[in-house]
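Written out below as structure tokens is the structure these notes cover.
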Number of protein chains: 2
Amino acid sequence: MLFTNLEFNQQQQNRMRALVAPDEVHFGNPEQIREADREAFLKAEIAFGWCPPEWLAEAEGLRWMQFDSVGIGEYAHLDWDRLSTRVTCTNLRGFFAEPVAETVLAGILALYRGIDRLVELQPRRAWMKLTLRPQLKMLANTTVVLVGHGALGQRLKVLLAPFGCRVIAYDRFAEGADLTQLAELDAVLPGADIVCAALPDTPDTRGLFDEARFGLLKAGALFVNVGRGSLVVENVLVAHLLSGRLGGAVLDVTQQEPLPGEHPLWQCPSTILTQHTAGGSSDELDRKITFFAENLRCYRQGMPLDNVINWTRGF
Amino acid sequence: MLFTNLEFNQQQQNRMRALVAPDEVHFGNPEQIREADREAFLKAEIAFGWCPPEWLAEAEGLRWMQFDSVGIGEYAHLDWDRLSTRVTCTNLRGFFAEPVAETVLAGILALYRGIDRLVELQPRRAWMKLTLRPQLKMLANTTVVLVGHGALGQRLKVLLAPFGCRVIAYDRFAEGADLTQLAELDAVLPGADIVCAALPDTPDTRGLFDEARFGLLKAGALFVNVGRGSLVVENVLVAHLLSGRLGGAVLDVTQQEPLPGEHPLWQCPSTILTQHTAGGSSDELDRKITFFAENLRCYRQGMPLDNVINWTRGF
């Protein structure tokens, strides 16, 4: 049996049923867990979606879990030395590269070209042409440092190429990175006009952007984070934004999500909070089903699955 | 003597003086015309900036006028058959291609990736992740019709290439356009996800986007105008935006600028008014001086100038 708990409409449910036939599908409640969902999960061979971490340890018959996200931080503390002998986990690494890259570029260009200020002026019907024009920046020929060179960083590099940006990528693991050591990253940060971080949440990445590292950025630099909020020591980032030392920020992720109403990031200057929407698109769920279908084909034919999680590495 | 009336700072004034030495420079008032400016203009051999159109007919000694804009519509009614025998006029065609292309992309990506709505949510500290995500669109693989294939259109085509967009360019004159006839344009408009117009103001382009032509666009299409406001029949555009038939608009130009406070465009849905800032950048004036300096070198050596205006064609 297949367990799934995503927000499928009727058409998508039918597509799922056709995919796994003659096996049955249990459609769990995507909003709130019910006891029937837990019972179904414990009987499932395949799961597609998410679950409370403790379910994974109890699901004796589960052979393959396809998470519907990239981040899997909340499952990392399980006993994977034992669990991984019976269940293979896959995530959606790479799936969000295109929408996230487009949101990153949308955010950077919005700040450089004044779109955020123009949008704010509109309800006030305030014509500020002459004030704004000399404040606008161009992305052309800037230096962009990518902290993380996974699927998103690689896609961003392609989209930035025609702007003539100098792109420098740091990544300890990913192929094609220019830099693999933190000391090398720190050496290039002072030259960056834009720093774009897209790293997973691991013990090594938590708090990587602290007082010392933000202090390396040059005055007016833009900081972008589309990986995980744990990368950033937020009170330091807030201080650099409020003082105007940083030129702005585009943040898709924060330590707490939803961001609490009293959090100072809501009103930092030149800061665009994309509210963890960067991976979204109107066809997101249909694309996820297509990804699952391709991995299901591999599973049934005994071929290696795409995006198998390495629990030792943590992503 | 050189007449100029741009908003130079002291350093830029010094640069101008050094460029034209041993000739003298008259720095006119950029904010408001004074009688001394008119007197200087009438004695000048070269002018760099702008002037009331009637001055051009009176300036017997003027040999070269470098306008500091692309659009020259307000001068078109002068008697150029006679005037052009004594004065050569050049404009800044192509100069704004990079900043305008970046603003066009900023505006399109803002609408597709929800940046306009996210910016509006921020002062209200409203977390809308789950509402927004399924409404976002991707630029990847869309069809973009460029109405005008001058420097801006050509630059935009380069920036759009890595998104995998299908780009179709219409232009009656410019090289490399896919379509040169209005009937051909009308045949492709129904397939466009995005229409980006960048045409000069001429008798042929005025009101080109009227009820019939907007009616050809498919539901949800985006309309961008960075050429001249006269291209658009604005009450028709407003109606299509208010009804939701058009998916949104990015407008750098309007019939009246500044846009009057009571104009309905200020509050049309999914409409970003960039307030004629698209050509702007912090280094705009320095870049203009550099352009002028290169044309001045040609002028002095009797070589052809860049961007000579063809008054018969109208741009």
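Letters A, B, ... mark the chains of the structure tokens in the order given; residue numbers begin at 1 per chain; ligand numbers begin at 1, in order shown.
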Define the interface residues of chain A facing chain B as those within 8 Å, counting only C-alpha atoms, and report them as a PyMOL selection string. chain A and resi 98-99+102-103+105-107+109-110+113+115-116+118-120+122-123+125-130+132-140+158-159+162-163+258-259+261+266-267+272-284
Please extract the residues of range 14-210 of chain B with a backbone DSSP assignment of strand (DSSP E or B) and present them as number ranges by chain. B: 25-27, 46-49, 64-67, 88-90, 143-147, 166-170, 179, 194-197, 209
Selection near Asn310 in chain B, 10 Å with only C-alpha atoms, sequence-local residues under 2 positions removed, as a list of chain:residue names: B:Trp80, B:Ser84, B:Thr88, B:Cys89, B:Thr90, B:Asn307, B:Val308, B:Thr312, B:Arg313, B:Gly314, B:Phe315
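Near Leu152 in chain B, within 10 Å and counting only C-alpha atoms, sit Arg93, Gly94, Phe95, Phe96, Ala97, Glu98, Pro99, Val100, Ala101, Glu102, Val104, Leu146, Ala197, Ala198, Leu199, Val226 and Gly227 of chain B, not including residues fewer than 6 positions from it in the same chain.
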Neighbouring residues of Pro52 in chain B were defined as those with any atom within 10 Å, considering only C-alpha atoms; residues of the same chain fewer than 6 positions away were excluded. Please report them as a VMD selection string. chain B and resid 33 38 74 to 75
Write the residues of the selection above to a file with N, CA, C and O atoms, as a PDB file, in the first residue's frame.
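part_14.pdb written:
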ATOM      1  N   ILE B  33      14.688  77.170 -16.609  1.00  0.00           N
ATOM      2  CA  ILE B  33      15.404  77.946 -17.622  1.00  0.00           C
ATOM      3  C   ILE B  33      15.544  79.399 -17.189  1.00  0.00           C
ATOM      4  O   ILE B  33      14.583  80.011 -16.723  1.00  0.00           O
ATOM      5  N   ARG B  38      19.337  80.819 -22.229  1.00  0.00           N
ATOM      6  CA  ARG B  38      18.905  80.976 -23.618  1.00  0.00           C
ATOM      7  C   ARG B  38      19.967  81.727 -24.424  1.00  0.00           C
ATOM      8  O   ARG B  38      20.312  81.341 -25.542  1.00  0.00           O
ATOM      9  N   GLU B  74       9.074  65.719 -28.747  1.00  0.00           N
ATOM     10  CA  GLU B  74       8.686  67.130 -28.636  1.00  0.00           C
ATOM     11  C   GLU B  74       9.395  68.026 -29.651  1.00  0.00           C
ATOM     12  O   GLU B  74       9.004  69.175 -29.850  1.00  0.00           O
ATOM     13  N   TYR B  75      10.432  67.502 -30.315  1.00  0.00           N
ATOM     14  CA  TYR B  75      11.166  68.318 -31.298  1.00  0.00           C
ATOM     15  C   TYR B  75      10.759  67.983 -32.743  1.00  0.00           C
ATOM     16  O   TYR B  75      11.221  68.627 -33.675  1.00  0.00           O
TER      17      TYR B  75
END
For a test of reading the model, state the distance in Å between CA of Leu19 in chain B and CA of Ala293 in chain B, rounded to one decimal. 6.9 Å
So how many Å separate CA of Gln301 in chain B and CA of Asn9 in chain B, to one decimal?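 Separating CA of Gln301 in chain B from CA of Asn9 in chain B is a distance of 28.4 Å.
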Report, in Å to a single decimal, how far apart CA of Gly207 in chain A and CA of Leu241 in chain A are. 17.4 Å
Set the distance at 10 Å and use only C-alpha atoms: which residues neighbour Asp23 in chain B once local chain neighbours fewer than 6 positions away are removed? I'd like the list as number ranges by chain. B: 1-2, 17
Same residues, N, CA and C atoms, saved as a PDB file, in the first residue's frame:
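Contents of the output file out_9.pdb:
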ATOM      1  N   MET B   1      31.646  77.441 -28.182  1.00  0.00           N
ATOM      2  CA  MET B   1      31.216  77.211 -26.811  1.00  0.00           C
ATOM      3  C   MET B   1      30.277  76.003 -26.731  1.00  0.00           C
ATOM      4  N   LEU B   2      30.381  75.306 -25.597  1.00  0.00           N
ATOM      5  CA  LEU B   2      29.473  74.207 -25.324  1.00  0.00           C
ATOM      6  C   LEU B   2      28.412  74.651 -24.328  1.00  0.00           C
ATOM      7  N   ARG B  17      34.632  70.413 -18.295  1.00  0.00           N
ATOM      8  CA  ARG B  17      35.551  71.495 -18.685  1.00  0.00           C
ATOM      9  C   ARG B  17      36.805  70.937 -19.334  1.00  0.00           C
TER      10      ARG B  17
END
Mind the document's chain letters and residue numbers, and return as a ChimeraX atom specification the residues of range 79-194 of chain A that DSSP labels alpha helix (DSSP H). /A:80-83,97-113,115-121,129-132,151-160,182-188
